[in-house]
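Raw query-v8.cif, mmCIF, C-alpha atoms:
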```cif
data_entry
#
loop_
_atom_site.label_atom_id
_atom_site.label_comp_id
_atom_site.auth_asym_id
_atom_site.auth_seq_id
_atom_site.Cartn_x
_atom_site.Cartn_y
_atom_site.Cartn_z
CA MET A 263 -2.40 21.48 -7.69
CA SER A 264 -2.73 21.78 -3.90
CA ARG A 265 -6.07 22.86 -2.48
CA PRO A 266 -6.33 26.60 -1.80
CA LEU A 267 -5.41 27.60 1.76
CA VAL A 268 -7.35 30.28 3.66
CA ALA A 269 -5.78 31.71 6.83
CA ILE A 270 -7.93 33.33 9.52
CA VAL A 271 -5.94 35.99 11.36
CA GLY A 272 -6.52 38.93 13.66
CA ARG A 273 -5.69 40.26 17.10
CA PRO A 274 -6.68 38.17 20.12
CA ASN A 275 -10.30 37.74 21.19
CA VAL A 276 -12.08 38.86 18.02
CA GLY A 277 -13.75 35.46 17.39
CA LYS A 278 -11.36 33.75 14.98
CA SER A 279 -11.75 30.29 16.49
CA LEU A 280 -15.52 30.61 16.65
CA LEU A 281 -15.54 31.54 12.96
CA PHE A 282 -13.25 28.61 12.16
CA ASN A 283 -15.60 26.21 13.95
CA ARG A 284 -18.60 27.71 12.16
CA LEU A 285 -16.97 27.20 8.76
CA VAL A 286 -15.82 23.61 9.32
CA GLY A 287 -19.11 22.63 10.96
CA GLN A 288 -17.65 21.15 14.11
CA ARG A 289 -15.90 22.28 17.26
CA LEU A 290 -12.28 21.64 16.37
CA SER A 291 -10.78 24.78 17.83
CA ILE A 292 -10.96 25.65 21.54
CA VAL A 293 -13.24 28.64 22.03
CA GLU A 294 -12.86 30.65 25.23
CA ASP A 295 -13.31 34.32 25.98
CA THR A 296 -9.66 34.70 26.91
CA PRO A 297 -6.97 36.13 24.60
CA GLY A 298 -4.30 33.64 23.61
CA VAL A 299 -6.30 30.41 23.85
CA THR A 300 -5.42 29.35 20.28
CA ARG A 301 -1.62 29.18 20.42
CA ASP A 302 -0.88 27.09 17.34
CA ARG A 303 -2.43 26.74 13.91
CA LEU A 304 -5.30 24.32 13.39
CA TYR A 305 -6.27 23.01 9.96
CA ALA A 306 -9.44 21.57 8.49
CA GLU A 307 -10.99 20.92 5.10
CA CYS A 308 -13.93 23.05 3.95
CA GLU A 309 -16.20 23.09 0.92
CA TRP A 310 -18.12 26.01 -0.54
CA ASN A 311 -20.01 26.14 -3.85
CA GLY A 312 -18.42 22.89 -4.98
CA ARG A 313 -14.84 23.99 -4.27
CA THR A 314 -12.79 22.23 -1.61
CA PHE A 315 -10.12 24.17 0.26
CA ASP A 316 -8.14 24.07 3.51
CA ILE A 317 -8.65 26.58 6.27
CA VAL A 318 -6.25 27.42 9.10
CA ASP A 319 -7.06 29.03 12.43
CA THR A 320 -4.20 31.03 13.96
CA GLY A 321 -3.37 32.47 17.32
CA GLY A 322 -4.16 36.14 17.85
CA ILE A 323 -1.50 38.53 16.55
CA GLU A 324 -0.08 41.03 19.02
CA PRO A 325 2.11 43.22 16.77
CA THR A 326 4.12 44.66 19.66
CA THR A 327 4.67 42.39 22.63
CA ASP A 328 7.43 41.01 24.83
CA ASN A 329 5.28 38.10 25.98
CA GLU A 330 6.98 34.88 24.84
CA ILE A 331 3.73 33.02 24.12
CA LEU A 332 2.29 35.94 22.15
CA LEU A 333 5.53 36.25 20.18
CA PHE A 334 5.28 32.55 19.34
CA MET A 335 1.65 33.00 18.24
CA ARG A 336 2.67 35.90 16.02
CA GLU A 337 5.35 33.76 14.36
CA GLN A 338 2.82 30.99 13.79
CA ALA A 339 0.37 33.43 12.23
CA ASN A 340 3.13 34.82 10.00
CA ILE A 341 3.89 31.31 8.72
CA ALA A 342 0.23 30.76 7.89
CA ILE A 343 0.06 34.16 6.15
CA ASN A 344 3.08 33.32 3.99
CA ALA A 345 1.57 29.99 2.93
CA ALA A 346 -2.02 31.14 2.41
CA ASP A 347 -3.69 31.92 -0.90
CA VAL A 348 -6.21 34.19 0.83
CA ILE A 349 -6.15 35.81 4.28
CA VAL A 350 -9.30 36.57 6.27
CA LEU A 351 -8.70 39.41 8.73
CA VAL A 352 -11.23 39.27 11.56
CA THR A 353 -12.00 42.44 13.51
CA ASP A 354 -14.56 43.25 16.22
CA ILE A 355 -17.39 45.77 15.77
CA THR A 356 -17.84 46.11 19.54
CA THR A 357 -14.39 47.64 19.93
CA GLY A 358 -14.13 49.45 16.62
CA VAL A 359 -10.76 49.85 14.93
CA THR A 360 -7.94 49.49 17.44
CA ALA A 361 -4.25 50.29 17.15
CA ALA A 362 -3.56 46.55 17.05
CA ASP A 363 -6.00 46.16 14.10
CA LYS A 364 -4.07 48.84 12.22
CA ASP A 365 -0.75 47.16 12.91
CA VAL A 366 -2.07 43.76 11.75
CA ALA A 367 -3.57 45.37 8.64
CA ASN A 368 -0.20 46.97 7.81
CA MET A 369 1.49 43.60 8.24
CA LEU A 370 -0.98 42.06 5.78
CA LEU A 371 -0.56 44.89 3.30
CA ARG A 372 3.20 44.28 3.33
CA SER A 373 2.59 40.57 2.61
CA LYS A 374 0.90 41.60 -0.68
CA LYS A 375 -1.51 38.66 -0.25
CA PRO A 376 -5.24 38.95 -1.03
CA VAL A 377 -7.09 39.95 2.14
CA VAL A 378 -10.81 39.67 2.94
CA LEU A 379 -11.72 42.05 5.77
CA CYS A 380 -14.46 40.83 8.13
CA VAL A 381 -16.11 42.71 10.97
CA ASN A 382 -17.31 40.13 13.49
CA LYS A 383 -20.03 40.23 16.18
CA VAL A 384 -22.58 41.92 13.90
CA ASP A 385 -25.28 39.69 15.37
CA ASN A 386 -28.22 41.60 13.87
CA PRO A 387 -27.58 42.06 10.12
CA SER A 388 -30.62 44.35 9.74
CA ARG A 389 -28.97 46.86 12.07
CA VAL A 390 -25.42 47.25 10.83
CA ASP A 391 -23.82 49.84 13.08
CA THR A 392 -22.34 52.89 11.38
CA VAL A 393 -19.16 51.98 13.26
CA ILE A 394 -18.48 49.48 10.44
CA TYR A 395 -17.55 52.35 8.12
CA GLU A 396 -14.50 53.23 10.19
CA PHE A 397 -12.98 49.85 9.17
CA TYR A 398 -12.39 51.32 5.69
CA SER A 399 -9.51 53.16 7.36
CA LEU A 400 -7.55 49.88 7.43
CA GLY A 401 -7.06 50.16 3.66
CA LEU A 402 -8.21 46.60 2.94
CA GLY A 403 -11.31 47.30 0.89
CA ASP A 404 -14.97 46.75 1.77
CA PRO A 405 -15.52 45.31 5.26
CA ILE A 406 -17.92 42.36 5.34
CA PRO A 407 -20.18 42.24 8.42
CA ILE A 408 -20.41 38.74 9.89
CA SER A 409 -21.55 36.92 12.99
CA ALA A 410 -19.46 33.88 13.84
CA VAL A 411 -22.04 32.97 16.48
CA HIS A 412 -25.07 32.94 14.16
CA GLY A 413 -23.36 32.44 10.80
CA HIS A 414 -24.61 35.70 9.29
CA GLY A 415 -22.43 36.98 6.45
CA THR A 416 -20.13 33.94 6.30
CA GLY A 417 -21.41 33.07 2.82
CA ASP A 418 -20.49 36.55 1.55
CA MET A 419 -17.07 36.13 3.16
CA LEU A 420 -16.48 32.76 1.44
CA ASP A 421 -17.65 34.16 -1.91
CA ALA A 422 -15.08 36.94 -1.52
CA CYS A 423 -12.36 34.39 -0.69
CA MET A 424 -13.16 32.30 -3.76
CA GLU A 425 -12.53 35.28 -6.04
CA PHE A 426 -8.85 34.97 -5.11
CA PHE A 427 -8.55 31.17 -5.40
CA PRO A 428 -6.24 29.93 -8.17
CA GLU A 429 -7.96 28.46 -11.20
CA GLU A 430 -9.02 24.86 -10.73
CA ASP A 431 -6.78 22.41 -12.52
CA GLU A 432 -8.69 20.99 -15.47
CA ASP A 433 -8.17 17.46 -14.18
CA GLU A 434 -8.09 18.22 -10.45
CA GLY A 435 -11.07 15.92 -9.98
CA ASP A 436 -9.88 13.36 -12.53
CA PRO A 437 -10.75 9.94 -11.05
CA ASP A 438 -8.04 8.32 -13.20
CA ARG A 439 -5.25 10.39 -11.66
CA ILE A 440 -3.70 8.74 -8.60
CA ASN A 441 -2.49 11.07 -5.83
CA VAL A 442 0.79 9.75 -4.41
CA ALA A 443 2.33 11.26 -1.25
CA ILE A 444 6.08 10.71 -0.79
CA ILE A 445 6.65 10.74 2.97
CA GLY A 446 9.57 10.08 5.26
CA LYS A 447 11.97 11.68 7.67
CA PRO A 448 14.35 14.39 6.38
CA ASN A 449 17.14 13.54 3.94
CA VAL A 450 15.95 10.10 2.81
CA GLY A 451 15.73 11.16 -0.84
CA LYS A 452 12.12 12.21 -1.34
CA SER A 453 12.94 15.21 -3.52
CA SER A 454 15.56 13.24 -5.47
CA LEU A 455 12.94 10.62 -6.28
CA THR A 456 10.43 13.27 -7.36
CA ASN A 457 13.01 14.90 -9.64
CA LEU A 458 13.99 11.55 -11.16
CA ILE A 459 10.36 10.64 -11.83
CA ALA A 460 9.60 14.08 -13.28
CA GLY A 461 12.76 14.10 -15.37
CA GLU A 462 13.56 17.63 -14.30
CA GLN A 463 14.56 19.68 -11.27
CA ARG A 464 11.09 20.32 -9.88
CA VAL A 465 12.13 20.34 -6.21
CA ILE A 466 15.23 21.73 -4.50
CA VAL A 467 17.53 18.83 -3.62
CA SER A 468 19.93 19.32 -0.74
CA ASN A 469 21.56 17.14 1.88
CA VAL A 470 20.53 19.67 4.52
CA ALA A 471 17.57 18.23 6.41
CA GLY A 472 14.43 20.33 6.16
CA THR A 473 15.02 21.95 2.75
CA THR A 474 11.53 21.13 1.46
CA ARG A 475 9.27 23.40 3.48
CA ASP A 476 5.97 22.69 1.77
CA ALA A 477 4.14 19.95 -0.10
CA VAL A 478 4.89 20.24 -3.83
CA ASP A 479 2.70 18.67 -6.52
CA THR A 480 4.17 17.17 -9.69
CA LYS A 481 1.83 15.72 -12.32
CA ILE A 482 3.17 12.81 -14.37
CA ASP A 483 1.45 11.14 -17.36
CA ASN A 484 3.20 8.09 -18.80
CA GLU A 485 2.55 4.63 -20.20
CA PHE A 486 1.57 3.39 -16.73
CA GLY A 487 -1.13 5.98 -16.08
CA LYS A 488 -1.75 9.47 -14.67
CA TYR A 489 -0.26 10.47 -11.33
CA ASN A 490 0.10 13.44 -9.03
CA PHE A 491 3.21 13.09 -6.85
CA ILE A 492 3.19 15.13 -3.65
CA ASP A 493 6.70 15.67 -2.29
CA THR A 494 6.46 16.55 1.38
CA ALA A 495 8.74 18.05 3.96
CA GLY A 496 10.55 15.48 6.05
CA ILE A 497 8.77 14.66 9.29
CA ARG A 498 11.00 14.87 12.35
CA ARG A 499 10.41 13.84 15.92
CA LYS A 500 8.25 16.30 17.82
CA SER A 501 11.09 16.96 20.26
CA LYS A 502 13.25 17.97 17.29
CA VAL A 503 10.62 20.22 15.76
CA ASP A 504 11.65 23.50 17.30
CA ASP A 505 11.87 25.48 14.08
CA ARG A 506 8.58 27.34 13.52
CA ILE A 507 8.58 26.88 9.76
CA GLU A 508 9.22 23.17 10.15
CA LYS A 509 6.18 22.81 12.41
CA PHE A 510 4.15 24.11 9.50
CA SER A 511 5.91 21.63 7.19
CA VAL A 512 4.87 18.69 9.37
CA MET A 513 1.24 19.78 9.18
CA ARG A 514 1.43 20.13 5.40
CA ALA A 515 2.89 16.62 5.20
CA GLN A 516 -0.03 15.32 7.23
CA LEU A 517 -2.46 17.13 4.92
CA ALA A 518 -0.66 15.53 1.96
CA ILE A 519 -1.28 12.08 3.46
CA GLU A 520 -4.98 12.90 3.74
CA ARG A 521 -5.06 13.94 0.05
CA ALA A 522 -3.22 10.85 -1.13
CA ASP A 523 -4.56 7.62 -2.59
CA VAL A 524 -1.17 5.95 -2.13
CA CYS A 525 1.71 6.75 0.23
CA LEU A 526 5.34 5.98 -0.59
CA ILE A 527 7.06 5.55 2.78
CA MET A 528 10.75 6.19 2.17
CA ILE A 529 13.43 4.64 4.37
CA ASP A 530 17.21 5.06 4.24
CA ALA A 531 18.73 1.65 3.45
CA ARG A 532 21.87 2.50 5.44
CA GLU A 533 19.94 3.20 8.63
CA GLY A 534 17.14 0.67 8.41
CA VAL A 535 13.79 1.34 10.09
CA THR A 536 14.13 3.93 12.87
CA ASP A 537 11.58 4.91 15.52
CA GLN A 538 10.70 7.95 13.47
CA ASP A 539 10.13 5.82 10.35
CA THR A 540 7.70 3.73 12.40
CA LYS A 541 5.77 6.84 13.47
CA ILE A 542 5.60 8.17 9.92
CA ALA A 543 4.39 4.83 8.57
CA GLY A 544 1.82 4.84 11.35
CA LEU A 545 0.37 8.12 10.03
CA ALA A 546 -0.34 6.50 6.66
CA HIS A 547 -1.67 3.32 8.29
CA GLU A 548 -4.02 5.19 10.63
CA ALA A 549 -5.26 7.30 7.72
CA GLY A 550 -6.17 4.07 5.90
CA LYS A 551 -3.95 4.78 2.92
CA ALA A 552 -2.58 2.19 0.50
CA SER A 553 1.18 2.17 1.04
CA ILE A 554 4.46 1.02 -0.45
CA ILE A 555 7.65 0.90 1.60
CA ILE A 556 10.49 2.34 -0.47
CA VAL A 557 13.99 1.45 0.76
CA ASN A 558 16.15 4.12 -0.90
CA LYS A 559 19.94 4.44 -1.32
CA TRP A 560 20.23 0.70 -1.95
CA ASP A 561 23.25 1.44 -4.15
CA LEU A 562 25.18 2.59 -1.06
CA VAL A 563 24.70 -0.66 0.87
CA GLU A 564 27.47 -3.29 0.83
CA LYS A 565 25.85 -6.49 -0.32
CA GLU A 566 26.41 -10.19 0.01
CA THR A 567 24.21 -13.22 -0.59
CA GLY A 568 20.79 -12.70 1.01
CA THR A 569 21.30 -9.03 1.95
CA MET A 570 18.03 -7.89 0.36
CA GLU A 571 15.95 -10.68 1.88
CA LYS A 572 17.42 -10.03 5.32
CA MET A 573 16.62 -6.32 4.99
CA ARG A 574 13.08 -7.15 3.87
CA LYS A 575 12.55 -9.31 6.97
CA ASP A 576 13.95 -6.57 9.19
CA VAL A 577 11.57 -4.02 7.66
CA MET A 578 8.58 -6.33 8.14
CA ARG A 579 9.61 -6.99 11.73
CA ASP A 580 10.01 -3.32 12.59
CA LEU A 581 6.82 -2.31 10.74
CA SER A 582 4.83 -5.30 11.96
CA PHE A 583 1.55 -3.36 11.89
CA MET A 584 1.74 -2.99 8.10
CA THR A 585 3.10 -6.29 6.82
CA TYR A 586 0.53 -5.91 4.02
CA ALA A 587 2.71 -3.24 2.34
CA PRO A 588 5.07 -4.34 -0.47
CA VAL A 589 8.75 -3.42 -0.05
CA LEU A 590 10.77 -2.06 -2.97
CA PHE A 591 14.53 -1.45 -2.94
CA ILE A 592 15.58 1.48 -5.13
CA SER A 593 18.22 4.10 -5.75
CA ALA A 594 16.87 7.56 -6.54
CA MET A 595 20.44 8.48 -7.49
CA THR A 596 20.98 5.79 -10.15
CA GLY A 597 17.34 5.11 -11.05
CA GLN A 598 17.58 1.44 -10.01
CA ARG A 599 14.07 -0.14 -9.95
CA VAL A 600 12.35 3.28 -9.97
CA GLN A 601 10.12 2.33 -12.92
CA ARG A 602 8.76 -0.52 -10.82
CA ILE A 603 7.17 2.10 -8.54
CA PHE A 604 4.46 2.91 -11.08
CA GLU A 605 3.36 -0.72 -11.38
CA LEU A 606 3.17 -1.05 -7.60
CA ILE A 607 1.23 2.22 -7.24
CA ASN A 608 -1.38 0.97 -9.72
CA TYR A 609 -1.54 -2.40 -7.99
CA VAL A 610 -2.00 -1.20 -4.40
CA ASN A 611 -4.43 1.51 -5.50
CA ASP A 612 -6.59 -1.14 -7.20
CA GLN A 613 -6.32 -3.39 -4.17
CA SER A 614 -7.46 -0.56 -1.90
CA ALA A 615 -10.52 0.01 -4.12
CA MET A 616 -11.47 -3.69 -4.35
CA ARG A 617 -15.10 -4.62 -3.70
CA ILE A 618 -16.02 -8.13 -2.58
CA THR A 619 -19.58 -9.45 -2.75
CA THR A 620 -21.32 -10.45 0.47
CA GLY A 621 -21.75 -13.97 -0.88
CA MET A 622 -18.04 -14.44 -1.49
CA LEU A 623 -17.18 -12.94 1.90
CA ASN A 624 -19.49 -15.30 3.72
CA ASN A 625 -18.08 -18.31 1.88
CA VAL A 626 -14.66 -17.32 3.23
CA LEU A 627 -16.20 -16.73 6.67
CA ALA A 628 -17.78 -20.20 6.74
CA ASP A 629 -14.55 -21.85 5.66
CA ALA A 630 -12.53 -19.88 8.24
CA GLN A 631 -14.88 -20.91 11.07
CA ALA A 632 -14.68 -24.55 9.96
CA ARG A 633 -10.87 -24.38 10.14
CA VAL A 634 -10.67 -22.54 13.46
CA GLN A 635 -13.74 -22.42 15.67
CA PRO A 636 -14.70 -19.06 17.16
CA PRO A 637 -13.56 -18.55 20.77
CA THR A 638 -15.60 -19.37 23.86
CA ASP A 639 -15.68 -17.87 27.33
CA LYS A 640 -17.27 -19.54 30.35
CA GLY A 641 -19.19 -21.94 28.15
CA ARG A 642 -20.50 -19.22 25.81
CA ARG A 643 -19.33 -19.40 22.20
CA LEU A 644 -18.96 -16.54 19.76
CA LYS A 645 -21.47 -16.82 16.91
CA ILE A 646 -20.70 -14.94 13.72
CA TYR A 647 -23.80 -14.44 11.61
CA TYR A 648 -22.48 -12.76 8.49
CA MET A 649 -20.03 -10.24 7.07
CA THR A 650 -20.43 -7.52 4.47
CA GLN A 651 -18.24 -4.84 2.89
CA THR A 652 -19.32 -1.26 3.51
CA GLY A 653 -16.58 0.81 1.91
CA ILE A 654 -13.31 1.07 0.01
CA LYS A 655 -10.03 2.96 0.31
CA PRO A 656 -9.43 1.22 2.61
CA PRO A 657 -11.74 -1.82 2.40
CA ASN A 658 -14.19 -1.67 5.30
CA PHE A 659 -16.00 -4.75 6.56
CA VAL A 660 -18.79 -5.10 9.13
CA VAL A 661 -19.15 -8.39 11.00
CA PHE A 662 -22.39 -9.19 12.85
CA CYS A 663 -22.13 -11.48 15.86
CA ASN A 664 -23.87 -12.43 19.11
CA SER A 665 -21.29 -10.84 21.45
CA ARG A 666 -18.72 -8.17 20.81
CA GLU A 667 -16.89 -9.14 24.01
CA LEU A 668 -16.33 -12.68 22.77
CA PHE A 669 -14.89 -11.42 19.48
CA HIS A 670 -11.26 -11.38 20.57
CA PHE A 671 -8.77 -9.28 18.61
CA SER A 672 -6.78 -12.40 17.72
CA TYR A 673 -9.81 -13.89 15.96
CA GLN A 674 -10.39 -10.62 14.10
CA ARG A 675 -6.79 -10.78 12.91
CA TYR A 676 -7.32 -14.41 11.88
CA LEU A 677 -10.37 -13.49 9.77
CA GLU A 678 -8.50 -10.57 8.20
CA ASN A 679 -5.66 -12.93 7.25
CA GLN A 680 -8.15 -15.36 5.70
CA ILE A 681 -9.70 -12.56 3.64
CA ARG A 682 -6.25 -11.42 2.51
CA ALA A 683 -5.23 -14.98 1.64
CA THR A 684 -8.30 -15.31 -0.58
CA PHE A 685 -8.63 -11.88 -2.17
CA GLY A 686 -5.15 -10.34 -1.81
CA LEU A 687 -5.76 -6.77 -0.59
CA GLU A 688 -2.01 -6.29 -0.73
CA GLY A 689 -0.72 -2.84 0.08
CA THR A 690 -3.84 -1.64 1.86
CA PRO A 691 -5.01 -1.59 5.47
CA VAL A 692 -8.30 -3.31 6.25
CA ARG A 693 -10.91 -1.93 8.64
CA MET A 694 -13.17 -4.39 10.47
CA VAL A 695 -16.14 -3.21 12.55
CA ILE A 696 -17.80 -5.65 14.96
CA ARG A 697 -21.51 -5.24 15.52
CA GLN A 698 -23.53 -7.11 18.11
CA LYS A 699 -27.02 -8.28 17.29
CA GLY A 700 -29.88 -7.63 19.68
CA ASP A 701 -30.98 -10.20 22.28
CA LYS A 702 -34.07 -11.15 20.31
CA GLU A 703 -31.97 -12.01 17.27
CA GLU A 704 -29.54 -14.11 19.26
#
```
What's the structure tokens form of this structure?
Amino acid sequence: MSRPLVAIVGRPNVGKSLLFNRLVGQRLSIVEDTPGVTRDRLYAECEWNGRTFDIVDTGGIEPTTDNEILLFMREQANIAINAADVIVLVTDITTGVTAADKDVANMLLRSKKPVVLCVNKVDNPSRVDTVIYEFYSLGLGDPIPISAVHGHGTGDMLDACMEFFPEEDEDEGDPDRINVAIIGKPNVGKSSLTNLIAGEQRVIVSNVAGTTRDAVDTKIDNEFGKYNFIDTAGIRRKSKVDDRIEKFSVMRAQLAIERADVCLIMIDAREGVTDQDTKIAGLAHEAGKASIIIVNKWDLVEKETGTMEKMRKDVMRDLSFMTYAPVLFISAMTGQRVQRIFELINYVNDQSAMRITTGMLNNVLADAQARVQPPTDKGRRLKIYYMTQTGIKPPNFVVFCNSRELFHFSYQRYLENQIRATFGLEGTPVRMVIRQKGDKEE
């Protein structure tokens, strides 16, 4: 099941972005006392009373306007409203109920979504102005007084939101269930693969690009293990993303990557790796996710001796930043090699979670330095003291040395290759942090 989504909406300049920043605990959204500053939706992950959910900040809604930017903001807010599980309507006690508040409230009532009504800028909770009672006229139930500046009342607001959250899946936090995001540009066969794996029509399949508008979860339990497959909307180039709903789909795909343990990066065998495929793969790589490159529609490719190996080399050349990822050639139409996906998911997930002792790491480090000496610059040689692992998914290593400047990227890559040659770590990125010891320790 996807995490619940809470949308913060309201007319311009009522403090939506300030509330968003208060809830997520950091300044992600631009806050300025000017209507229309937040033009697009901004997402973040929140946690309250042990429940994790996503929250979206939207541009201010102007129900009646000819201004092109405000119309765009209204469309964006509408998209967020349609996708949200709960909507937080923010109003302003200093202005009272305005005509725009009433219009926004009517729009929310028509959506038939659960709405939590908040009255912002109540900075002194011990002196709640009687003006708050006029907000009952919006027909959205009890108004909750809050202060986005000081945080007053935000707990009551979140409690009210949680009442409308869908029931938690009994195994939502199951550590044995692997979350797998299927990502790729439109029309590469993501939904067809999901349907084949699920054995039923769980996702609409169409050859019209952009059919899948949201991330869809499909739980699979089989002899290989327990999985949650997240089928995502195809990610297009930004210049091609002019459809408002599709902009939302791209963001949901990015959220799916963040949720995933493993990403299946799907490529059309007939087209090979395109620039857009490279960008999509880069999202998974930068997020530190274990990945498998799935070359789909292999049944439609004319083959001769060595066709697969040539294609594999082309893929590795074009995705040179993630040569660690295994490549699998499949047909979601015929089912060719699809069962092999489960074995690879288990394998790369385990590789991403591998822990290596400091002793073993430093044995590899000593051997690597004996083979290829660390670089020098102007008579000064890089000294590497030791290495240790600090995290998993992806494996994170910290290397302590005498000079960060001397630690050239090429030598970092060399050490990474030596670690991979010894321990595998196939299918997962590796993070290496260089730390410089103090002068006294040098």
What gap, in Å, lies between atom CA of A:Ile492 and atom CA of A:Ala443? 4.6 Å
May I ask which of the residues A:Asp483, A:Asp580, A:Asp438, A:Glu571 is the closest one to A:Ala543, counting all atoms listed in the file? A:Asp580
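In terms of minimum interatomic distance to A:Val366, A:Thr353 ranks closest within A:Gln516, A:Gln538, A:Ser593, A:Thr353, counting all atoms listed in the file.
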Nearest to A:Arg439: which of A:Glu548, A:Glu396, A:Asp523, A:Asp316 is it, counting only C-alpha atoms? A:Asp523
Mind telling me what the PyMOL selection byres ((chain A and resi 413) around 12) catches here, as a list in words? Leu280, Leu281, Phe282, Asn283, Arg284, Leu285, Val286, Gly287, Asn382, Lys383, Val384, Asp385, Asn386, Pro387, Pro407, Ile408, Ser409, Ala410, Val411, His412, His414, Gly415, Thr416, Gly417, Asp418, Met419 and Leu420 of chain A
9 Å contact set for A:Tyr647, only C-alpha atoms, chain neighbours under 6 positions out, as a list of chain:residue names: A:Val661, A:Phe662, A:Cys663, A:Asn664, A:Lys699
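What the PyMOL selection byres ((chain A and resi 401) around 10) picks from this file is Lys364, Ala367, Asn368, Leu371, Leu379, Phe397, Tyr398, Ser399, Leu400, Leu402, Gly403, Asp404 and Pro405 of chain A.
What separates atom CA of A:Ile618 from atom CA of A:Lys655 is a distance of 12.9 Å.
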Name all residues at most 12 Å from A:Leu370 (count only C-alpha atoms; drop same-chain ones fewer than 6 positions away) and give them as a ChimeraX atom specification. /A:269-272,323,325,339-340,342-344,346,348-351,363-364,376-379,400-402
How would the residues just picked look written out with C-alpha atoms as a PDB file, keeping the file's coordinate frame?
```pdb
ATOM      1  CA  ALA A 269      -5.780  31.710   6.830  1.00  0.00           C
ATOM      2  CA  ILE A 270      -7.930  33.330   9.520  1.00  0.00           C
ATOM      3  CA  VAL A 271      -5.940  35.990  11.360  1.00  0.00           C
ATOM      4  CA  GLY A 272      -6.520  38.930  13.660  1.00  0.00           C
ATOM      5  CA  ILE A 323      -1.500  38.530  16.550  1.00  0.00           C
ATOM      6  CA  PRO A 325       2.110  43.220  16.770  1.00  0.00           C
ATOM      7  CA  ALA A 339       0.370  33.430  12.230  1.00  0.00           C
ATOM      8  CA  ASN A 340       3.130  34.820  10.000  1.00  0.00           C
ATOM      9  CA  ALA A 342       0.230  30.760   7.890  1.00  0.00           C
ATOM     10  CA  ILE A 343       0.060  34.160   6.150  1.00  0.00           C
ATOM     11  CA  ASN A 344       3.080  33.320   3.990  1.00  0.00           C
ATOM     12  CA  ALA A 346      -2.020  31.140   2.410  1.00  0.00           C
ATOM     13  CA  VAL A 348      -6.210  34.190   0.830  1.00  0.00           C
ATOM     14  CA  ILE A 349      -6.150  35.810   4.280  1.00  0.00           C
ATOM     15  CA  VAL A 350      -9.300  36.570   6.270  1.00  0.00           C
ATOM     16  CA  LEU A 351      -8.700  39.410   8.730  1.00  0.00           C
ATOM     17  CA  ASP A 363      -6.000  46.160  14.100  1.00  0.00           C
ATOM     18  CA  LYS A 364      -4.070  48.840  12.220  1.00  0.00           C
ATOM     19  CA  PRO A 376      -5.240  38.950  -1.030  1.00  0.00           C
ATOM     20  CA  VAL A 377      -7.090  39.950   2.140  1.00  0.00           C
ATOM     21  CA  VAL A 378     -10.810  39.670   2.940  1.00  0.00           C
ATOM     22  CA  LEU A 379     -11.720  42.050   5.770  1.00  0.00           C
ATOM     23  CA  LEU A 400      -7.550  49.880   7.430  1.00  0.00           C
ATOM     24  CA  GLY A 401      -7.060  50.160   3.660  1.00  0.00           C
ATOM     25  CA  LEU A 402      -8.210  46.600   2.940  1.00  0.00           C
TER      26      LEU A 402
END
```
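Using only C-alpha atoms for every distance, the candidate list A:Ala518, A:Asn441, A:Ile355, A:Leu668 yields A:Asn441 as the residue closest to A:Lys481.
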Tell me which residues the PyMOL selection byres ((chain A and resi 650) around 10) grabs here, as a PDB file with C-alpha atoms, in the frame of the given file.
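Just written: result-v2.pdb:
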```pdb
ATOM      1  CA  ILE A 618     -16.020  -8.130  -2.580  1.00  0.00           C
ATOM      2  CA  THR A 619     -19.580  -9.450  -2.750  1.00  0.00           C
ATOM      3  CA  THR A 620     -21.320 -10.450   0.470  1.00  0.00           C
ATOM      4  CA  GLY A 621     -21.750 -13.970  -0.880  1.00  0.00           C
ATOM      5  CA  MET A 622     -18.040 -14.440  -1.490  1.00  0.00           C
ATOM      6  CA  LEU A 623     -17.180 -12.940   1.900  1.00  0.00           C
ATOM      7  CA  ASN A 624     -19.490 -15.300   3.720  1.00  0.00           C
ATOM      8  CA  TYR A 648     -22.480 -12.760   8.490  1.00  0.00           C
ATOM      9  CA  MET A 649     -20.030 -10.240   7.070  1.00  0.00           C
ATOM     10  CA  GLN A 651     -18.240  -4.840   2.890  1.00  0.00           C
ATOM     11  CA  THR A 652     -19.320  -1.260   3.510  1.00  0.00           C
ATOM     12  CA  GLY A 653     -16.580   0.810   1.910  1.00  0.00           C
ATOM     13  CA  ASN A 658     -14.190  -1.670   5.300  1.00  0.00           C
ATOM     14  CA  PHE A 659     -16.000  -4.750   6.560  1.00  0.00           C
ATOM     15  CA  VAL A 660     -18.790  -5.100   9.130  1.00  0.00           C
ATOM     16  CA  VAL A 661     -19.150  -8.390  11.000  1.00  0.00           C
ATOM     17  CA  PHE A 662     -22.390  -9.190  12.850  1.00  0.00           C
ATOM     18  CA  MET A 694     -13.170  -4.390  10.470  1.00  0.00           C
TER      19      MET A 694
END
```
Counting all atoms listed in the file, which of A:Pro428, A:Gly487, A:Pro657, A:Gly451 gets nearest to A:Ile607? A:Gly487
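Atom CA of A:Pro691 lies 24.7 Å from atom CA of A:Leu455.
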